[in-house]
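Visitor: Have a peek at query.tsv (TSV, N, CA and C atoms).
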```tsv
chain	number	residue	atom	x	y	z
S	268	MET	N	-1.89	15.16	-90.55
S	268	MET	CA	-2.80	16.07	-89.89
S	268	MET	C	-3.39	17.03	-90.92
S	269	LYS	N	-4.68	17.21	-90.86
S	269	LYS	CA	-5.38	18.08	-91.80
S	269	LYS	C	-5.04	19.54	-91.55
S	270	ILE	N	-4.81	20.28	-92.62
S	270	ILE	CA	-4.52	21.71	-92.51
S	270	ILE	C	-5.79	22.43	-92.06
S	271	PRO	N	-5.70	23.26	-91.02
S	271	PRO	CA	-6.87	24.00	-90.58
S	271	PRO	C	-7.33	25.00	-91.65
S	272	ALA	N	-8.63	25.18	-91.75
S	272	ALA	CA	-9.16	26.18	-92.67
S	272	ALA	C	-8.73	27.57	-92.21
S	273	ILE	N	-8.83	27.80	-90.89
S	273	ILE	CA	-8.52	29.11	-90.33
S	273	ILE	C	-7.72	28.95	-89.05
S	274	SER	N	-6.69	29.75	-88.93
S	274	SER	CA	-5.97	29.91	-87.66
S	274	SER	C	-6.53	31.16	-87.00
S	275	VAL	N	-7.11	30.98	-85.83
S	275	VAL	CA	-7.68	32.11	-85.09
S	275	VAL	C	-6.64	32.55	-84.05
S	276	VAL	N	-6.16	33.77	-84.19
S	276	VAL	CA	-5.11	34.30	-83.32
S	276	VAL	C	-5.75	35.21	-82.27
S	277	ILE	N	-5.48	34.90	-81.00
S	277	ILE	CA	-6.05	35.67	-79.90
S	277	ILE	C	-4.94	36.06	-78.92
S	278	PRO	N	-4.48	37.31	-78.97
S	278	PRO	CA	-3.56	37.76	-77.92
S	278	PRO	C	-4.36	38.02	-76.64
S	279	VAL	N	-3.79	37.67	-75.50
S	279	VAL	CA	-4.51	37.89	-74.24
S	279	VAL	C	-3.56	38.52	-73.22
S	280	TRP	N	-4.05	39.57	-72.60
S	280	TRP	CA	-3.34	40.21	-71.51
S	280	TRP	C	-4.36	40.64	-70.47
S	281	ASN	N	-4.37	39.93	-69.36
S	281	ASN	CA	-5.26	40.25	-68.23
S	281	ASN	C	-6.71	40.45	-68.66
S	282	SER	N	-7.25	39.44	-69.34
S	282	SER	CA	-8.63	39.50	-69.82
S	282	SER	C	-9.52	38.51	-69.10
S	283	GLY	N	-9.17	38.16	-67.89
S	283	GLY	CA	-9.88	37.14	-67.15
S	283	GLY	C	-11.38	37.31	-67.11
S	284	ARG	N	-11.83	38.52	-67.07
S	284	ARG	CA	-13.26	38.79	-66.95
S	284	ARG	C	-14.06	38.32	-68.17
S	285	TYR	N	-13.46	38.34	-69.34
S	285	TYR	CA	-14.17	38.03	-70.59
S	285	TYR	C	-13.63	36.80	-71.32
S	286	PHE	N	-12.48	36.33	-70.92
S	286	PHE	CA	-11.71	35.38	-71.72
S	286	PHE	C	-12.41	34.04	-71.93
S	287	ARG	N	-13.00	33.48	-70.89
S	287	ARG	CA	-13.67	32.18	-71.04
S	287	ARG	C	-14.81	32.27	-72.06
S	288	GLU	N	-15.58	33.32	-71.99
S	288	GLU	CA	-16.69	33.48	-72.92
S	288	GLU	C	-16.17	33.60	-74.36
S	289	CYS	N	-15.08	34.32	-74.53
S	289	CYS	CA	-14.46	34.44	-75.85
S	289	CYS	C	-14.05	33.07	-76.38
S	290	LEU	N	-13.36	32.29	-75.54
S	290	LEU	CA	-12.89	30.97	-75.99
S	290	LEU	C	-14.05	30.02	-76.25
S	291	ASP	N	-15.05	30.01	-75.37
S	291	ASP	CA	-16.22	29.17	-75.62
S	291	ASP	C	-16.88	29.54	-76.93
S	292	ASN	N	-16.93	30.82	-77.20
S	292	ASN	CA	-17.54	31.33	-78.42
S	292	ASN	C	-16.79	30.86	-79.66
S	293	VAL	N	-15.49	31.01	-79.69
S	293	VAL	CA	-14.72	30.64	-80.88
S	293	VAL	C	-14.67	29.12	-81.05
S	294	LEU	N	-14.60	28.38	-79.95
S	294	LEU	CA	-14.56	26.91	-80.06
S	294	LEU	C	-15.92	26.33	-80.41
S	295	GLY	N	-16.98	27.11	-80.26
S	295	GLY	CA	-18.32	26.67	-80.63
S	295	GLY	C	-18.73	27.05	-82.04
S	296	GLN	N	-17.81	27.52	-82.83
S	296	GLN	CA	-18.12	27.91	-84.21
S	296	GLN	C	-18.61	26.71	-85.02
S	297	THR	N	-19.46	26.98	-86.01
S	297	THR	CA	-19.93	25.90	-86.88
S	297	THR	C	-18.80	25.35	-87.74
S	298	LEU	N	-17.84	26.17	-88.08
S	298	LEU	CA	-16.65	25.70	-88.78
S	298	LEU	C	-15.73	25.07	-87.73
S	299	ARG	N	-15.60	23.77	-87.76
S	299	ARG	CA	-14.86	23.05	-86.74
S	299	ARG	C	-13.37	22.90	-87.07
S	300	ASN	N	-13.03	22.99	-88.36
S	300	ASN	CA	-11.64	22.79	-88.79
S	300	ASN	C	-10.84	24.09	-88.61
S	301	ILE	N	-10.60	24.42	-87.35
S	301	ILE	CA	-9.84	25.63	-87.02
S	301	ILE	C	-8.75	25.27	-86.02
S	302	GLU	N	-7.76	26.14	-85.94
S	302	GLU	CA	-6.83	26.08	-84.82
S	302	GLU	C	-6.92	27.43	-84.12
S	303	VAL	N	-6.79	27.40	-82.81
S	303	VAL	CA	-6.87	28.62	-82.02
S	303	VAL	C	-5.50	28.83	-81.37
S	304	LEU	N	-4.87	29.92	-81.72
S	304	LEU	CA	-3.54	30.24	-81.21
S	304	LEU	C	-3.66	31.39	-80.23
S	305	ILE	N	-3.50	31.07	-78.96
S	305	ILE	CA	-3.60	32.06	-77.90
S	305	ILE	C	-2.19	32.49	-77.53
S	306	VAL	N	-1.97	33.79	-77.52
S	306	VAL	CA	-0.68	34.31	-77.09
S	306	VAL	C	-0.88	35.01	-75.76
S	307	ASP	N	-0.40	34.36	-74.69
S	307	ASP	CA	-0.45	34.97	-73.37
S	307	ASP	C	0.66	35.99	-73.30
S	308	ASP	N	0.27	37.25	-73.28
S	308	ASP	CA	1.23	38.36	-73.35
S	308	ASP	C	1.64	38.83	-71.95
S	309	GLY	N	2.05	37.86	-71.12
S	309	GLY	CA	2.52	38.19	-69.79
S	309	GLY	C	1.41	38.50	-68.80
S	310	SER	N	0.27	37.84	-68.93
S	310	SER	CA	-0.86	38.09	-68.03
S	310	SER	C	-0.51	37.76	-66.58
S	311	SER	N	-1.12	38.52	-65.67
S	311	SER	CA	-0.92	38.27	-64.24
S	311	SER	C	-2.23	38.05	-63.50
S	312	ASP	N	-3.33	37.87	-64.24
S	312	ASP	CA	-4.65	37.77	-63.62
S	312	ASP	C	-5.27	36.39	-63.71
S	313	GLY	N	-4.51	35.39	-64.12
S	313	GLY	CA	-5.06	34.05	-64.27
S	313	GLY	C	-5.45	33.70	-65.70
S	314	SER	N	-5.37	34.65	-66.62
S	314	SER	CA	-5.70	34.37	-68.03
S	314	SER	C	-4.81	33.27	-68.60
S	315	SER	N	-3.57	33.23	-68.17
S	315	SER	CA	-2.63	32.22	-68.63
S	315	SER	C	-3.10	30.82	-68.25
S	316	ALA	N	-3.58	30.66	-67.02
S	316	ALA	CA	-4.08	29.36	-66.56
S	316	ALA	C	-5.34	28.96	-67.32
S	317	VAL	N	-6.19	29.92	-67.63
S	317	VAL	CA	-7.39	29.64	-68.41
S	317	VAL	C	-6.99	29.15	-69.80
S	318	ALA	N	-6.02	29.81	-70.43
S	318	ALA	CA	-5.55	29.38	-71.75
S	318	ALA	C	-5.03	27.95	-71.70
S	319	ASP	N	-4.23	27.63	-70.69
S	319	ASP	CA	-3.69	26.28	-70.55
S	319	ASP	C	-4.80	25.25	-70.32
S	320	GLU	N	-5.81	25.62	-69.56
S	320	GLU	CA	-6.95	24.73	-69.31
S	320	GLU	C	-7.65	24.37	-70.62
S	321	TYR	N	-7.90	25.38	-71.45
S	321	TYR	CA	-8.58	25.13	-72.72
S	321	TYR	C	-7.70	24.30	-73.66
S	322	ALA	N	-6.40	24.55	-73.65
S	322	ALA	CA	-5.48	23.77	-74.50
S	322	ALA	C	-5.44	22.31	-74.06
S	323	ALA	N	-5.57	22.06	-72.77
S	323	ALA	CA	-5.53	20.70	-72.25
S	323	ALA	C	-6.76	19.90	-72.66
S	324	ARG	N	-7.87	20.58	-72.88
S	324	ARG	CA	-9.10	19.84	-73.19
S	324	ARG	C	-9.54	19.93	-74.65
S	325	ASP	N	-8.85	20.74	-75.46
S	325	ASP	CA	-9.21	20.84	-76.89
S	325	ASP	C	-7.93	20.90	-77.71
S	326	ALA	N	-7.71	19.89	-78.53
S	326	ALA	CA	-6.48	19.79	-79.31
S	326	ALA	C	-6.33	20.90	-80.33
S	327	ARG	N	-7.39	21.64	-80.60
S	327	ARG	CA	-7.31	22.74	-81.57
S	327	ARG	C	-6.65	23.98	-80.97
S	328	VAL	N	-6.44	23.99	-79.67
S	328	VAL	CA	-5.92	25.17	-78.97
S	328	VAL	C	-4.44	24.99	-78.67
S	329	THR	N	-3.66	26.01	-79.03
S	329	THR	CA	-2.24	26.08	-78.71
S	329	THR	C	-1.99	27.39	-77.98
S	330	VAL	N	-1.16	27.33	-76.94
S	330	VAL	CA	-0.85	28.53	-76.17
S	330	VAL	C	0.63	28.85	-76.31
S	331	ILE	N	0.90	30.12	-76.58
S	331	ILE	CA	2.26	30.64	-76.59
S	331	ILE	C	2.37	31.55	-75.37
S	332	HIS	N	3.31	31.25	-74.49
S	332	HIS	CA	3.50	32.07	-73.29
S	332	HIS	C	4.66	33.02	-73.49
S	333	GLN	N	4.41	34.28	-73.25
S	333	GLN	CA	5.46	35.29	-73.28
S	333	GLN	C	5.67	35.78	-71.85
S	334	GLU	N	6.91	35.90	-71.45
S	334	GLU	CA	7.23	36.29	-70.07
S	334	GLU	C	6.77	37.70	-69.73
S	335	GLU	N	6.90	38.60	-70.68
S	335	GLU	CA	6.47	39.97	-70.42
S	335	GLU	C	5.66	40.48	-71.59
S	336	SER	N	4.88	41.49	-71.33
S	336	SER	CA	3.99	42.04	-72.34
S	336	SER	C	4.78	42.77	-73.43
S	337	THR	N	4.44	42.43	-74.67
S	337	THR	CA	5.05	43.10	-75.82
S	337	THR	C	4.02	43.92	-76.59
S	338	GLY	N	2.75	43.74	-76.24
S	338	GLY	CA	1.67	44.42	-76.95
S	338	GLY	C	0.98	43.48	-77.92
S	339	ALA	N	-0.20	43.89	-78.36
S	339	ALA	CA	-1.02	43.03	-79.21
S	339	ALA	C	-0.37	42.74	-80.56
S	340	GLY	N	0.27	43.73	-81.18
S	340	GLY	CA	0.87	43.52	-82.50
S	340	GLY	C	1.96	42.46	-82.48
S	341	PRO	N	2.99	42.60	-81.65
S	341	PRO	CA	4.02	41.57	-81.57
S	341	PRO	C	3.46	40.21	-81.12
S	342	ALA	N	2.45	40.22	-80.26
S	342	ALA	CA	1.84	38.95	-79.84
S	342	ALA	C	1.18	38.27	-81.04
S	343	ARG	N	0.47	39.03	-81.86
S	343	ARG	CA	-0.13	38.45	-83.07
S	343	ARG	C	0.95	37.90	-84.01
S	344	ASN	N	2.04	38.64	-84.15
S	344	ASN	CA	3.13	38.18	-85.01
S	344	ASN	C	3.71	36.87	-84.52
S	345	ALA	N	3.83	36.69	-83.21
S	345	ALA	CA	4.35	35.44	-82.65
S	345	ALA	C	3.47	34.27	-83.06
S	346	ALA	N	2.16	34.48	-83.04
S	346	ALA	CA	1.23	33.41	-83.44
S	346	ALA	C	1.29	33.17	-84.94
S	347	MET	N	1.43	34.23	-85.71
S	347	MET	CA	1.48	34.07	-87.17
S	347	MET	C	2.68	33.22	-87.59
S	348	ASN	N	3.75	33.24	-86.79
S	348	ASN	CA	4.94	32.44	-87.10
S	348	ASN	C	4.68	30.94	-87.03
S	349	ILE	N	3.65	30.52	-86.30
S	349	ILE	CA	3.37	29.09	-86.20
S	349	ILE	C	2.01	28.70	-86.79
S	350	ALA	N	1.26	29.68	-87.29
S	350	ALA	CA	-0.07	29.41	-87.84
S	350	ALA	C	0.03	28.46	-89.04
S	351	ARG	N	-0.91	27.49	-89.09
S	351	ARG	CA	-0.93	26.51	-90.17
S	351	ARG	C	-2.16	26.65	-91.07
S	352	GLY	N	-3.09	27.51	-90.72
S	352	GLY	CA	-4.35	27.61	-91.46
S	352	GLY	C	-4.20	28.20	-92.85
S	353	GLU	N	-5.20	27.89	-93.68
S	353	GLU	CA	-5.25	28.50	-95.01
S	353	GLU	C	-5.41	30.01	-94.88
S	354	TYR	N	-6.16	30.43	-93.87
S	354	TYR	CA	-6.40	31.83	-93.59
S	354	TYR	C	-6.13	32.10	-92.12
S	355	ILE	N	-5.95	33.36	-91.79
S	355	ILE	CA	-5.74	33.77	-90.40
S	355	ILE	C	-6.84	34.77	-90.04
S	356	ALA	N	-7.44	34.56	-88.88
S	356	ALA	CA	-8.42	35.49	-88.33
S	356	ALA	C	-7.89	36.02	-87.01
S	357	PHE	N	-8.11	37.29	-86.77
S	357	PHE	CA	-7.67	37.91	-85.52
S	357	PHE	C	-8.87	38.23	-84.65
S	358	MET	N	-8.74	37.93	-83.38
S	358	MET	CA	-9.74	38.29	-82.39
S	358	MET	C	-9.01	38.89	-81.20
S	359	ASP	N	-9.73	39.71	-80.44
S	359	ASP	CA	-9.24	40.14	-79.16
S	359	ASP	C	-9.85	39.24	-78.09
S	360	SER	N	-9.24	39.18	-76.95
S	360	SER	CA	-9.67	38.24	-75.91
S	360	SER	C	-10.98	38.62	-75.24
S	361	ASP	N	-11.56	39.74	-75.61
S	361	ASP	CA	-12.88	40.12	-75.10
S	361	ASP	C	-13.91	40.20	-76.23
S	362	ASP	N	-13.58	39.61	-77.38
S	362	ASP	CA	-14.49	39.61	-78.53
S	362	ASP	C	-15.42	38.40	-78.49
S	363	TYR	N	-16.57	38.56	-79.11
S	363	TYR	CA	-17.53	37.49	-79.31
S	363	TYR	C	-17.95	37.54	-80.76
S	364	ILE	N	-18.07	36.38	-81.39
S	364	ILE	CA	-18.46	36.32	-82.80
S	364	ILE	C	-19.67	35.43	-82.97
S	365	ALA	N	-20.45	35.70	-84.00
S	365	ALA	CA	-21.64	34.91	-84.29
S	365	ALA	C	-21.23	33.48	-84.62
S	366	PRO	N	-22.07	32.49	-84.33
S	366	PRO	CA	-21.70	31.08	-84.54
S	366	PRO	C	-21.28	30.74	-85.98
S	367	LEU	N	-21.82	31.44	-86.97
S	367	LEU	CA	-21.49	31.17	-88.37
S	367	LEU	C	-20.38	32.08	-88.90
S	368	TYR	N	-19.84	32.93	-88.08
S	368	TYR	CA	-18.87	33.95	-88.50
S	368	TYR	C	-17.72	33.37	-89.32
S	369	LEU	N	-16.97	32.45	-88.74
S	369	LEU	CA	-15.80	31.90	-89.45
S	369	LEU	C	-16.20	31.11	-90.69
S	370	GLN	N	-17.28	30.36	-90.59
S	370	GLN	CA	-17.73	29.57	-91.74
S	370	GLN	C	-18.09	30.47	-92.91
S	371	ARG	N	-18.82	31.53	-92.66
S	371	ARG	CA	-19.23	32.43	-93.75
S	371	ARG	C	-18.04	33.15	-94.36
S	372	LEU	N	-17.10	33.60	-93.53
S	372	LEU	CA	-15.91	34.26	-94.08
S	372	LEU	C	-15.08	33.28	-94.90
S	373	TYR	N	-14.93	32.07	-94.39
S	373	TYR	CA	-14.15	31.05	-95.11
S	373	TYR	C	-14.81	30.71	-96.45
S	374	GLU	N	-16.11	30.49	-96.44
S	374	GLU	CA	-16.83	30.17	-97.68
S	374	GLU	C	-16.72	31.30	-98.69
S	375	SER	N	-16.81	32.54	-98.25
S	375	SER	CA	-16.66	33.68	-99.16
S	375	SER	C	-15.25	33.74	-99.73
S	376	ALA	N	-14.26	33.52	-98.90
S	376	ALA	CA	-12.87	33.54	-99.36
S	376	ALA	C	-12.65	32.47	-100.43
S	377	LYS	N	-13.17	31.28	-100.20
S	377	LYS	CA	-13.01	30.19	-101.17
S	377	LYS	C	-13.78	30.47	-102.45
S	378	LYS	N	-15.01	30.93	-102.31
S	378	LYS	CA	-15.87	31.18	-103.48
S	378	LYS	C	-15.25	32.21	-104.42
S	379	TYR	N	-14.70	33.28	-103.84
S	379	TYR	CA	-14.16	34.37	-104.65
S	379	TYR	C	-12.65	34.32	-104.79
S	380	ARG	N	-12.05	33.23	-104.30
S	380	ARG	CA	-10.59	33.06	-104.35
S	380	ARG	C	-9.88	34.29	-103.80
S	381	ALA	N	-10.39	34.76	-102.70
S	381	ALA	CA	-9.91	36.00	-102.09
S	381	ALA	C	-8.67	35.76	-101.22
S	382	ASP	N	-7.79	36.71	-101.24
S	382	ASP	CA	-6.65	36.68	-100.32
S	382	ASP	C	-7.07	37.16	-98.94
S	383	MET	N	-8.11	38.00	-98.90
S	383	MET	CA	-8.56	38.58	-97.66
S	383	MET	C	-10.07	38.83	-97.74
S	384	VAL	N	-10.76	38.61	-96.65
S	384	VAL	CA	-12.18	38.97	-96.57
S	384	VAL	C	-12.40	39.82	-95.33
S	385	CYS	N	-13.36	40.72	-95.42
S	385	CYS	CA	-13.67	41.63	-94.33
S	385	CYS	C	-15.17	41.64	-94.13
S	386	CYS	N	-15.56	42.07	-92.94
S	386	CYS	CA	-16.97	42.24	-92.68
S	386	CYS	C	-17.14	43.35	-91.65
S	387	SER	N	-18.36	43.77	-91.49
S	387	SER	CA	-18.61	44.80	-90.49
S	387	SER	C	-18.81	44.13	-89.13
S	388	TYR	N	-18.83	44.92	-88.11
S	388	TYR	CA	-19.03	44.41	-86.75
S	388	TYR	C	-19.78	45.44	-85.94
S	389	TYR	N	-20.24	44.99	-84.80
S	389	TYR	CA	-20.89	45.91	-83.86
S	389	TYR	C	-20.58	45.52	-82.44
```
Show me, as structure tokens, the structure contained in the file I just sent.

Guide:
Amino acid sequence: MKIPAISVVIPVWNSGRYFRECLDNVLGQTLRNIEVLIVDDGSSDGSSAVADEYAARDARVTVIHQEESTGAGPARNAAMNIARGEYIAFMDSDDYIAPLYLQRLYESAKKYRADMVCCSYY
């Protein structure tokens, strides 16, 4: 199995209102060699079922279910323990990114042999 360029970590807690758009957005990135690690942090609004639905239809998606909420930091750490990507990107479950976002960050990291790349947002 090919190593993903980027592991995208998304903790989710009761984000049903925005979550599908977030996942459609990240799975539609021009950089296709990614894995998406969703950490369901004890959601009670159906976000967990949405995560499972996306994992069932896209092999790049993995869901980690936590019984109770631990917060975004520990949820991200849980995903980092299984991340396989060359790099890790963090998103929140209500974030949207430009279609070239991951590709441009990855290309910059490779070009400059960077351990970390940052960009501005709005």

Visitor: Write out as CSV the residues of stretch 286-342 of chain S that have any atom within 10 Å of an atom of stretch 349-367 of chain S, one row each with the nearest atom pair and its distance in Å to one decimal, counting only C-alpha atoms, sorted by chain and then rising number.

Guide:
```
residue,atom,partner,partner_atom,distance
S:Phe286,CA,S:Ser360,CA,5.5
S:Arg287,CA,S:Ser360,CA,8.7
S:Glu288,CA,S:Tyr363,CA,7.6
S:Cys289,CA,S:Tyr363,CA,5.5
S:Leu290,CA,S:Ser360,CA,8.0
S:Asp291,CA,S:Tyr363,CA,9.2
S:Asn292,CA,S:Tyr363,CA,6.2
S:Val293,CA,S:Ile364,CA,7.1
S:Leu294,CA,S:Pro366,CA,9.4
S:Gly295,CA,S:Pro366,CA,6.8
S:Gln296,CA,S:Pro366,CA,4.8
S:Thr297,CA,S:Leu367,CA,5.7
S:Leu298,CA,S:Leu367,CA,7.3
S:Asn300,CA,S:Gly352,CA,9.1
S:Ile301,CA,S:Gly352,CA,7.3
S:Glu302,CA,S:Gly352,CA,7.3
S:Val303,CA,S:Ala350,CA,9.0
S:Leu304,CA,S:Ala350,CA,7.5
S:Ile305,CA,S:Ser360,CA,8.9
S:Val306,CA,S:Ser360,CA,9.9
S:Ser314,CA,S:Ser360,CA,9.6
S:Thr329,CA,S:Ile349,CA,9.8
S:Ile331,CA,S:Ile349,CA,9.8
S:Ala339,CA,S:Asp359,CA,8.7
```

Visitor: Restricted to N, CA and C atoms, what would the selected residues look like written as a PDB file, keeping the file's coordinate frame?

Guide:
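Ended up saving to out_12.pdb:
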```pdb
ATOM      1  N   PHE S 286     -12.480  36.330 -70.920  1.00  0.00           N
ATOM      2  CA  PHE S 286     -11.710  35.380 -71.720  1.00  0.00           C
ATOM      3  C   PHE S 286     -12.410  34.040 -71.930  1.00  0.00           C
ATOM      4  N   ARG S 287     -13.000  33.480 -70.890  1.00  0.00           N
ATOM      5  CA  ARG S 287     -13.670  32.180 -71.040  1.00  0.00           C
ATOM      6  C   ARG S 287     -14.810  32.270 -72.060  1.00  0.00           C
ATOM      7  N   GLU S 288     -15.580  33.320 -71.990  1.00  0.00           N
ATOM      8  CA  GLU S 288     -16.690  33.480 -72.920  1.00  0.00           C
ATOM      9  C   GLU S 288     -16.170  33.600 -74.360  1.00  0.00           C
ATOM     10  N   CYS S 289     -15.080  34.320 -74.530  1.00  0.00           N
ATOM     11  CA  CYS S 289     -14.460  34.440 -75.850  1.00  0.00           C
ATOM     12  C   CYS S 289     -14.050  33.070 -76.380  1.00  0.00           C
ATOM     13  N   LEU S 290     -13.360  32.290 -75.540  1.00  0.00           N
ATOM     14  CA  LEU S 290     -12.890  30.970 -75.990  1.00  0.00           C
ATOM     15  C   LEU S 290     -14.050  30.020 -76.250  1.00  0.00           C
ATOM     16  N   ASP S 291     -15.050  30.010 -75.370  1.00  0.00           N
ATOM     17  CA  ASP S 291     -16.220  29.170 -75.620  1.00  0.00           C
ATOM     18  C   ASP S 291     -16.880  29.540 -76.930  1.00  0.00           C
ATOM     19  N   ASN S 292     -16.930  30.820 -77.200  1.00  0.00           N
ATOM     20  CA  ASN S 292     -17.540  31.330 -78.420  1.00  0.00           C
ATOM     21  C   ASN S 292     -16.790  30.860 -79.660  1.00  0.00           C
ATOM     22  N   VAL S 293     -15.490  31.010 -79.690  1.00  0.00           N
ATOM     23  CA  VAL S 293     -14.720  30.640 -80.880  1.00  0.00           C
ATOM     24  C   VAL S 293     -14.670  29.120 -81.050  1.00  0.00           C
ATOM     25  N   LEU S 294     -14.600  28.380 -79.950  1.00  0.00           N
ATOM     26  CA  LEU S 294     -14.560  26.910 -80.060  1.00  0.00           C
ATOM     27  C   LEU S 294     -15.920  26.330 -80.410  1.00  0.00           C
ATOM     28  N   GLY S 295     -16.980  27.110 -80.260  1.00  0.00           N
ATOM     29  CA  GLY S 295     -18.320  26.670 -80.630  1.00  0.00           C
ATOM     30  C   GLY S 295     -18.730  27.050 -82.040  1.00  0.00           C
ATOM     31  N   GLN S 296     -17.810  27.520 -82.830  1.00  0.00           N
ATOM     32  CA  GLN S 296     -18.120  27.910 -84.210  1.00  0.00           C
ATOM     33  C   GLN S 296     -18.610  26.710 -85.020  1.00  0.00           C
ATOM     34  N   THR S 297     -19.460  26.980 -86.010  1.00  0.00           N
ATOM     35  CA  THR S 297     -19.930  25.900 -86.880  1.00  0.00           C
ATOM     36  C   THR S 297     -18.800  25.350 -87.740  1.00  0.00           C
ATOM     37  N   LEU S 298     -17.840  26.170 -88.080  1.00  0.00           N
ATOM     38  CA  LEU S 298     -16.650  25.700 -88.780  1.00  0.00           C
ATOM     39  C   LEU S 298     -15.730  25.070 -87.730  1.00  0.00           C
ATOM     40  N   ASN S 300     -13.030  22.990 -88.360  1.00  0.00           N
ATOM     41  CA  ASN S 300     -11.640  22.790 -88.790  1.00  0.00           C
ATOM     42  C   ASN S 300     -10.840  24.090 -88.610  1.00  0.00           C
ATOM     43  N   ILE S 301     -10.600  24.420 -87.350  1.00  0.00           N
ATOM     44  CA  ILE S 301      -9.840  25.630 -87.020  1.00  0.00           C
ATOM     45  C   ILE S 301      -8.750  25.270 -86.020  1.00  0.00           C
ATOM     46  N   GLU S 302      -7.760  26.140 -85.940  1.00  0.00           N
ATOM     47  CA  GLU S 302      -6.830  26.080 -84.820  1.00  0.00           C
ATOM     48  C   GLU S 302      -6.920  27.430 -84.120  1.00  0.00           C
ATOM     49  N   VAL S 303      -6.790  27.400 -82.810  1.00  0.00           N
ATOM     50  CA  VAL S 303      -6.870  28.620 -82.020  1.00  0.00           C
ATOM     51  C   VAL S 303      -5.500  28.830 -81.370  1.00  0.00           C
ATOM     52  N   LEU S 304      -4.870  29.920 -81.720  1.00  0.00           N
ATOM     53  CA  LEU S 304      -3.540  30.240 -81.210  1.00  0.00           C
ATOM     54  C   LEU S 304      -3.660  31.390 -80.230  1.00  0.00           C
ATOM     55  N   ILE S 305      -3.500  31.070 -78.960  1.00  0.00           N
ATOM     56  CA  ILE S 305      -3.600  32.060 -77.900  1.00  0.00           C
ATOM     57  C   ILE S 305      -2.190  32.490 -77.530  1.00  0.00           C
ATOM     58  N   VAL S 306      -1.970  33.790 -77.520  1.00  0.00           N
ATOM     59  CA  VAL S 306      -0.680  34.310 -77.090  1.00  0.00           C
ATOM     60  C   VAL S 306      -0.880  35.010 -75.760  1.00  0.00           C
ATOM     61  N   SER S 314      -5.370  34.650 -66.620  1.00  0.00           N
ATOM     62  CA  SER S 314      -5.700  34.370 -68.030  1.00  0.00           C
ATOM     63  C   SER S 314      -4.810  33.270 -68.600  1.00  0.00           C
ATOM     64  N   THR S 329      -3.660  26.010 -79.030  1.00  0.00           N
ATOM     65  CA  THR S 329      -2.240  26.080 -78.710  1.00  0.00           C
ATOM     66  C   THR S 329      -1.990  27.390 -77.980  1.00  0.00           C
ATOM     67  N   ILE S 331       0.900  30.120 -76.580  1.00  0.00           N
ATOM     68  CA  ILE S 331       2.260  30.640 -76.590  1.00  0.00           C
ATOM     69  C   ILE S 331       2.370  31.550 -75.370  1.00  0.00           C
ATOM     70  N   ALA S 339      -0.200  43.890 -78.360  1.00  0.00           N
ATOM     71  CA  ALA S 339      -1.020  43.030 -79.210  1.00  0.00           C
ATOM     72  C   ALA S 339      -0.370  42.740 -80.560  1.00  0.00           C
TER      73      ALA S 339
END
```

Visitor: I'd like to know which of S:Gly340, S:Arg299, S:Val384, S:Val317 is closest to S:Pro271, using only N, CA and C atoms.

Guide: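 For S:Pro271, the nearest of the given residues is S:Arg299.
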
Visitor: Just the number, please: distance in Å from atom C of S:Ser336 to atom N of S:Trp280, one decimal.

Guide: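 Separation between atom C of S:Ser336 and atom N of S:Trp280: 9.4 Å.
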
Visitor: Which residue is closest to S:Gly309? Choose from S:Ser375, S:Ser274, S:Asn344, S:Thr337 and count all atoms listed in the file.

Guide: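 Residue with the minimum atom-to-atom distance to S:Gly309: S:Thr337.
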
Visitor: Report, in Å to a single decimal, how far apart atom CA of S:Asn348 and atom C of S:Leu372 are.

Guide: 21.5 Å

Visitor: Measuring atom to atom with only C-alpha atoms, identify which of S:Ala323, S:Ala345, S:Ala318, S:Leu369 is nearest to S:Val275.

Guide: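 Once distances to S:Val275 are computed over only C-alpha atoms, the minimum belongs to S:Leu369.
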
Visitor: How many Å separate atom CA of S:Gly338 from atom CA of S:Asp308?

Guide: 7.1 Å

Visitor: What are the DSSP strand (DSSP E) residues of chain S, as a ChimeraX atom specification?

Guide: /S:273-279,301-308,328-333,354-357

Visitor: Give the alpha helix (DSSP H) residues of chain S, as DSSP finds them on the backbone, and put them as a PyMOL selection string.

Guide: chain S and resi 283-294+314-324+339-347+368-378

Visitor: Rank S:Val279, S:Ala272, S:Ala381, S:Arg284 by their smallest atom-to-atom distance to S:Val330, using only C-alpha atoms, and report the top residue only.

Guide: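 Looking only at the distances to S:Val330, the closest residue turns out to be S:Val279.
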